[in-house]
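Peer 1: Contents are mmCIF, C-alpha atoms; file name start.cif:
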data_upload
#
loop_
_atom_site.label_atom_id
_atom_site.label_comp_id
_atom_site.auth_asym_id
_atom_site.auth_seq_id
_atom_site.Cartn_x
_atom_site.Cartn_y
_atom_site.Cartn_z
CA ALA O 30 90.57 121.52 63.64
CA GLN O 31 88.82 124.85 63.78
CA ARG O 32 85.60 124.93 61.88
CA VAL O 33 82.43 126.99 61.53
CA THR O 34 79.32 125.26 60.30
CA GLN O 35 76.19 126.92 58.99
CA PRO O 36 73.87 124.03 58.16
CA GLU O 37 71.37 125.99 56.09
CA LYS O 38 72.33 127.36 52.69
CA LEU O 39 68.99 129.07 52.29
CA LEU O 40 66.38 130.17 54.80
CA SER O 41 63.11 131.58 53.57
CA VAL O 42 60.57 133.21 55.93
CA PHE O 43 57.64 135.57 55.66
CA LYS O 44 57.79 139.14 56.87
CA GLY O 45 56.99 139.34 60.58
CA ALA O 46 57.98 135.75 61.26
CA PRO O 47 60.80 134.87 63.67
CA VAL O 48 64.09 133.90 62.15
CA GLU O 49 67.01 131.87 63.47
CA LEU O 50 70.19 131.35 61.49
CA LYS O 51 72.21 128.52 62.92
CA CYS O 52 75.95 128.51 63.54
CA ASN O 53 78.06 125.87 65.24
CA TYR O 54 81.78 126.03 65.79
CA SER O 55 84.63 123.74 66.61
CA TYR O 56 87.53 125.27 68.53
CA SER O 57 89.51 124.10 71.52
CA GLY O 58 90.41 127.58 72.71
CA SER O 59 88.32 130.45 73.98
CA PRO O 60 86.19 131.47 71.00
CA GLU O 61 85.39 134.92 69.78
CA LEU O 62 82.48 134.85 67.37
CA PHE O 63 80.97 137.25 64.90
CA TRP O 64 78.11 137.55 62.45
CA TYR O 65 78.79 139.32 59.16
CA VAL O 66 76.14 140.31 56.63
CA GLN O 67 76.35 140.99 52.90
CA TYR O 68 73.40 142.78 51.35
CA SER O 69 72.91 142.63 47.60
CA ARG O 70 75.65 144.53 45.76
CA GLN O 71 77.24 145.69 48.99
CA ARG O 72 80.41 144.76 50.78
CA LEU O 73 80.61 142.33 53.65
CA GLN O 74 80.08 144.12 56.96
CA LEU O 75 80.06 143.27 60.62
CA LEU O 76 76.61 142.76 62.10
CA LEU O 77 77.46 141.86 65.66
CA ARG O 78 80.03 140.16 67.89
CA HIS O 79 79.44 138.02 70.92
CA ILE O 80 81.66 139.99 73.29
CA SER O 81 79.50 143.08 72.85
CA ARG O 82 76.28 141.30 73.73
CA GLU O 83 74.48 143.87 71.63
CA SER O 84 71.36 143.93 69.48
CA ILE O 85 71.85 145.30 65.98
CA LYS O 86 68.89 145.85 63.64
CA GLY O 87 66.85 143.70 66.00
CA PHE O 88 69.26 140.77 65.72
CA THR O 89 70.83 139.07 68.73
CA ALA O 90 73.15 136.13 69.11
CA ASP O 91 74.13 134.28 72.25
CA LEU O 92 77.24 132.21 72.60
CA ASN O 93 76.44 128.77 74.01
CA LYS O 94 79.73 127.11 74.88
CA GLY O 95 78.05 123.90 75.96
CA GLU O 96 76.45 123.44 72.56
CA THR O 97 79.28 125.28 70.73
CA SER O 98 76.69 127.41 69.01
CA PHE O 99 76.21 131.07 68.14
CA HIS O 100 72.81 131.23 66.50
CA LEU O 101 71.52 134.53 65.13
CA LYS O 102 67.94 135.42 65.99
CA LYS O 103 65.37 138.06 65.22
CA PRO O 104 61.79 137.92 66.51
CA PHE O 105 60.16 139.67 63.53
CA ALA O 106 61.90 139.50 60.17
CA GLN O 107 61.74 142.43 57.75
CA GLU O 108 62.13 142.37 53.96
CA GLU O 109 65.28 144.47 54.24
CA ASP O 110 66.88 141.68 56.27
CA SER O 111 67.19 139.64 53.09
CA ALA O 112 70.92 139.09 52.64
CA MET O 113 73.74 136.60 52.96
CA TYR O 114 74.79 135.96 56.56
CA TYR O 115 78.15 134.58 57.59
CA CYS O 116 79.18 133.32 60.99
CA ALA O 117 82.87 133.77 61.78
CA LEU O 118 85.33 132.59 64.42
CA SER O 119 88.42 134.50 65.45
CA LEU O 120 91.39 132.34 66.34
CA GLY O 121 93.23 135.16 68.09
CA GLY O 122 96.69 134.56 69.45
CA SER O 123 99.36 134.56 66.76
CA GLN O 124 96.73 133.88 64.09
CA GLY O 125 94.94 137.02 63.11
CA ASN O 126 92.37 135.77 60.69
CA LEU O 127 88.71 134.90 60.88
CA ILE O 128 87.35 131.53 59.86
CA PHE O 129 84.01 131.84 58.12
CA GLY O 130 81.13 129.48 57.65
CA LYS O 131 79.78 128.96 54.15
CA GLY O 132 76.94 131.38 54.75
CA THR O 133 73.17 131.28 54.86
CA LYS O 134 71.07 133.21 52.41
CA LEU O 135 68.06 134.70 54.17
CA SER O 136 65.08 135.55 52.04
CA VAL O 137 62.22 137.44 53.69
CA LYS O 138 59.05 137.37 51.64
CA PRO O 139 56.34 140.03 51.85
CA GLY D 8 90.59 156.60 53.10
CA ALA D 9 86.98 156.05 54.02
CA GLY D 10 87.12 152.32 53.51
CA VAL D 11 89.12 149.43 52.11
CA SER D 12 89.69 150.03 48.42
CA GLN D 13 90.38 147.29 45.90
CA SER D 14 91.32 147.35 42.25
CA PRO D 15 90.44 146.26 39.69
CA SER D 16 86.81 145.65 40.58
CA ASN D 17 86.51 143.26 37.65
CA LYS D 18 89.20 141.39 35.73
CA VAL D 19 88.84 138.94 32.89
CA THR D 20 92.03 137.15 31.98
CA GLU D 21 93.11 134.30 29.79
CA LYS D 22 94.18 131.03 31.32
CA GLY D 23 97.91 131.00 31.89
CA LYS D 24 98.30 134.75 32.32
CA ASP D 25 99.43 136.42 35.54
CA VAL D 26 97.19 138.84 37.42
CA GLU D 27 97.78 141.36 40.17
CA LEU D 28 95.07 142.49 42.55
CA ARG D 29 95.59 145.56 44.67
CA CYS D 30 94.29 146.47 48.10
CA ASP D 31 94.43 149.82 49.86
CA PRO D 32 93.50 149.31 53.52
CA ILE D 33 91.95 151.86 55.84
CA SER D 34 94.59 154.36 56.87
CA GLY D 35 96.28 153.35 60.12
CA HIS D 36 95.17 149.73 60.01
CA THR D 37 98.11 147.46 60.72
CA ALA D 38 96.41 144.16 59.92
CA LEU D 39 95.46 143.20 56.37
CA TYR D 40 93.75 140.04 55.13
CA TRP D 41 93.02 138.42 51.80
CA TYR D 42 90.07 136.08 51.35
CA ARG D 43 88.61 134.31 48.36
CA GLN D 44 84.84 134.05 47.92
CA SER D 45 83.60 131.37 45.57
CA LEU D 46 80.04 130.37 44.83
CA GLY D 47 78.96 127.77 47.34
CA GLN D 48 82.32 127.83 49.13
CA GLY D 49 81.91 130.79 51.43
CA LEU D 50 84.96 132.78 52.37
CA GLU D 51 88.32 131.05 52.17
CA PHE D 52 91.21 132.63 54.10
CA LEU D 53 94.32 133.18 51.99
CA ILE D 54 96.86 135.28 53.89
CA TYR D 55 97.19 137.71 56.76
CA PHE D 56 99.65 140.57 57.18
CA GLN D 57 100.63 142.29 60.39
CA GLY D 58 102.51 145.35 59.20
CA ASN D 59 104.65 144.20 56.30
CA SER D 60 105.16 140.66 57.51
CA ALA D 61 102.89 137.74 56.87
CA PRO D 62 102.80 135.50 59.95
CA ASP D 63 100.11 133.34 58.41
CA LYS D 64 100.37 132.21 54.79
CA SER D 65 98.62 128.93 55.45
CA GLY D 66 95.66 129.65 53.22
CA LEU D 67 97.46 130.24 49.95
CA PRO D 68 96.16 127.40 47.75
CA SER D 69 99.32 126.87 45.71
CA ASP D 70 102.73 128.35 44.96
CA ARG D 71 101.12 130.24 42.08
CA PHE D 72 99.67 132.57 44.70
CA SER D 73 101.79 135.19 46.43
CA ALA D 74 101.19 138.43 48.24
CA GLU D 75 103.21 141.29 49.51
CA ARG D 76 102.64 144.41 51.50
CA THR D 77 104.86 147.44 51.41
CA GLY D 78 105.10 150.40 53.73
CA GLY D 79 102.61 148.78 56.04
CA SER D 80 99.86 149.89 53.70
CA VAL D 81 99.09 148.75 50.15
CA SER D 82 99.06 145.04 49.42
CA THR D 83 99.22 143.15 46.14
CA LEU D 84 97.96 139.63 45.59
CA THR D 85 99.56 137.99 42.56
CA ILE D 86 98.29 134.88 40.84
CA GLN D 87 100.67 133.38 38.31
CA ARG D 88 99.66 131.16 35.41
CA THR D 89 95.98 131.55 36.22
CA GLN D 90 93.67 128.57 36.00
CA GLN D 91 89.91 128.51 35.56
CA GLU D 92 89.45 127.36 39.14
CA ASP D 93 91.01 130.65 40.26
CA SER D 94 87.85 132.45 39.14
CA ALA D 95 86.33 133.99 42.26
CA VAL D 96 85.88 137.23 44.14
CA TYR D 97 89.04 138.18 46.00
CA LEU D 98 88.27 140.15 49.12
CA CYS D 99 90.68 142.29 51.03
CA ALA D 100 90.05 143.40 54.59
CA SER D 101 91.84 145.38 57.26
CA SER D 102 91.65 145.98 60.97
CA LEU D 103 93.32 148.32 63.40
CA MET D 104 95.07 145.38 65.01
CA ARG D 105 94.81 141.66 64.51
CA SER D 106 91.31 140.28 64.62
CA GLY D 107 89.72 139.41 67.85
CA TYR D 108 90.12 141.26 71.11
CA GLY D 109 87.30 143.53 70.01
CA ASN D 110 88.89 144.64 66.75
CA THR D 111 86.56 144.89 63.78
CA ILE D 112 87.62 143.67 60.36
CA TYR D 113 86.46 145.89 57.50
CA PHE D 114 86.09 144.47 54.00
CA GLY D 115 86.57 145.94 50.57
CA GLU D 116 84.11 145.42 47.75
CA GLY D 117 86.28 142.77 46.18
CA SER D 118 87.96 142.08 42.86
CA TRP D 119 85.93 139.76 40.65
CA LEU D 120 88.36 137.58 38.69
CA THR D 121 87.22 135.52 35.73
CA VAL D 122 89.69 133.22 34.01
CA VAL D 123 88.61 132.17 30.52
#
What's the structure tokens form of this structure?

Peer 2:
Amino acid sequence: AQRVTQPEKLLSVFKGAPVELKCNYSYSGSPELFWYVQYSRQRLQLLLRHISRESIKGFTADLNKGETSFHLKKPFAQEEDSAMYYCALSLGGSQGNLIFGKGTKLSVKP
Amino acid sequence: GAGVSQSPSNKVTEKGKDVELRCDPISGHTALYWYRQSLGQGLEFLIYFQGNSAPDKSGLPSDRFSAERTGGSVSTLTIQRTQQEDSAVYLCASSLMRSGYGNTIYFGEGSWLTVV
């Protein structure tokens, strides 16, 4: 069955420290993976997707098919990075929806 | 419109009553999605529309839940005989085409439903 796992409910780091939010997936097909972010009192929004291989707000994520992972990383965390982060898997094909992990709350302390 | 619009933003209803939640997707977006966001449960997929048809209804939790989309635009999620466990934030999202293949899904701000 398709599944997205985010093992950490809460991740707390100090400003300037590196941060890694873990995401593992289970999918027999060719995965397309995303990270979404929800800042306090704001709507859920796309942060980045693996096919773009981009860096957004200093965040990067690399798809590792061997480890079935798509961890989100940032070398130096900022206070404004504090938010809820969701990893998501697109099933594609005839199924149009995204499957989300349960989310990790990132708290960056000053 | 500028973004996905949902109404009402907040709804408190008595157990056993029916509720309707409305979603106005971004103009021109053919795909529309409903998700439910509960504390500690993340985002639970409910239903997906491509145009007016719903090829994937697999996420609807019970037959008390139904959704329709008319004119390829506005969608309504209806919950009949609400139960306390239905309390959650109901998120609507839309994309130009179905998700994946580089298409971005845009979310609304959600409708916060409380069943008392």

Peer 1: Write out as a ChimeraX atom specification the residues lying within 12 Å of range 37-44 of chain O, counting all atoms listed in the file and excluding same-chain residues fewer than 3 positions away.

Peer 2: /O:34,47-53,100,103-116,130-139 /D:46-49

Peer 1: For Gln13 in chain D, which of O:Arg72, O:Pro36, O:Ser55, O:Glu61 is the closest residue, counting only C-alpha atoms?

Peer 2: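 Of the candidates, the smallest distance to Gln13 in chain D is held by O:Arg72.
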
Peer 1: Find the distance between CA of Leu28 in chain D and CA of Ala74 in chain D and write it in Å to one decimal.

Peer 2: 9.3 Å

Peer 1: Counting all atoms listed in the file, I want the residues whose atoms come within 12 Å of (97.6, 147.4, 50.5) in the file frame, returned as a compact mmCIF listing (two decimals) with C-alpha atoms, in the frame of the given file.

Peer 2:
# COMPACT_ATOMS: atom_id res chain seq x y z
CA GLY D 8 90.59 156.60 53.10
CA GLY D 10 87.12 152.32 53.51
CA VAL D 11 89.12 149.43 52.11
CA SER D 12 89.69 150.03 48.42
CA GLN D 13 90.38 147.29 45.90
CA SER D 14 91.32 147.35 42.25
CA GLU D 27 97.78 141.36 40.17
CA LEU D 28 95.07 142.49 42.55
CA ARG D 29 95.59 145.56 44.67
CA CYS D 30 94.29 146.47 48.10
CA ASP D 31 94.43 149.82 49.86
CA PRO D 32 93.50 149.31 53.52
CA ILE D 33 91.95 151.86 55.84
CA SER D 34 94.59 154.36 56.87
CA GLY D 35 96.28 153.35 60.12
CA HIS D 36 95.17 149.73 60.01
CA THR D 37 98.11 147.46 60.72
CA ALA D 38 96.41 144.16 59.92
CA LEU D 39 95.46 143.20 56.37
CA TYR D 40 93.75 140.04 55.13
CA TRP D 41 93.02 138.42 51.80
CA TYR D 55 97.19 137.71 56.76
CA PHE D 56 99.65 140.57 57.18
CA GLN D 57 100.63 142.29 60.39
CA GLY D 58 102.51 145.35 59.20
CA ASN D 59 104.65 144.20 56.30
CA ALA D 74 101.19 138.43 48.24
CA GLU D 75 103.21 141.29 49.51
CA ARG D 76 102.64 144.41 51.50
CA THR D 77 104.86 147.44 51.41
CA GLY D 78 105.10 150.40 53.73
CA GLY D 79 102.61 148.78 56.04
CA SER D 80 99.86 149.89 53.70
CA VAL D 81 99.09 148.75 50.15
CA SER D 82 99.06 145.04 49.42
CA THR D 83 99.22 143.15 46.14
CA LEU D 84 97.96 139.63 45.59
CA LEU D 98 88.27 140.15 49.12
CA CYS D 99 90.68 142.29 51.03
CA ALA D 100 90.05 143.40 54.59
CA SER D 101 91.84 145.38 57.26
CA GLY D 115 86.57 145.94 50.57

Peer 1: Using all atoms listed in the file, find all polymer residues with an atom at most 9 Å away from the point (72.4, 146.6, 55.8); report them as a VMD selection string.

Peer 2: chain O and resid 66 to 68 71 74 76 86 109 to 110 112

Peer 1: Would you save the residues from that selection as a JSON list (two decimals), in the coordinates of the input, using C-alpha atoms?

Peer 2:
[["chain", "number", "residue", "atom", "x", "y", "z"],
["O", 66, "VAL", "CA", 76.14, 140.31, 56.63],
["O", 67, "GLN", "CA", 76.35, 140.99, 52.90],
["O", 68, "TYR", "CA", 73.40, 142.78, 51.35],
["O", 71, "GLN", "CA", 77.24, 145.69, 48.99],
["O", 74, "GLN", "CA", 80.08, 144.12, 56.96],
["O", 76, "LEU", "CA", 76.61, 142.76, 62.10],
["O", 86, "LYS", "CA", 68.89, 145.85, 63.64],
["O", 109, "GLU", "CA", 65.28, 144.47, 54.24],
["O", 110, "ASP", "CA", 66.88, 141.68, 56.27],
["O", 112, "ALA", "CA", 70.92, 139.09, 52.64]]

Peer 1: Could you tell me which of O:Ala30, O:Ala117, O:Ile80, O:Ile128 comes closest to Glu51 in chain D if we count only C-alpha atoms?

Peer 2: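 So, comparing all the options, the nearest one is O:Ile128.
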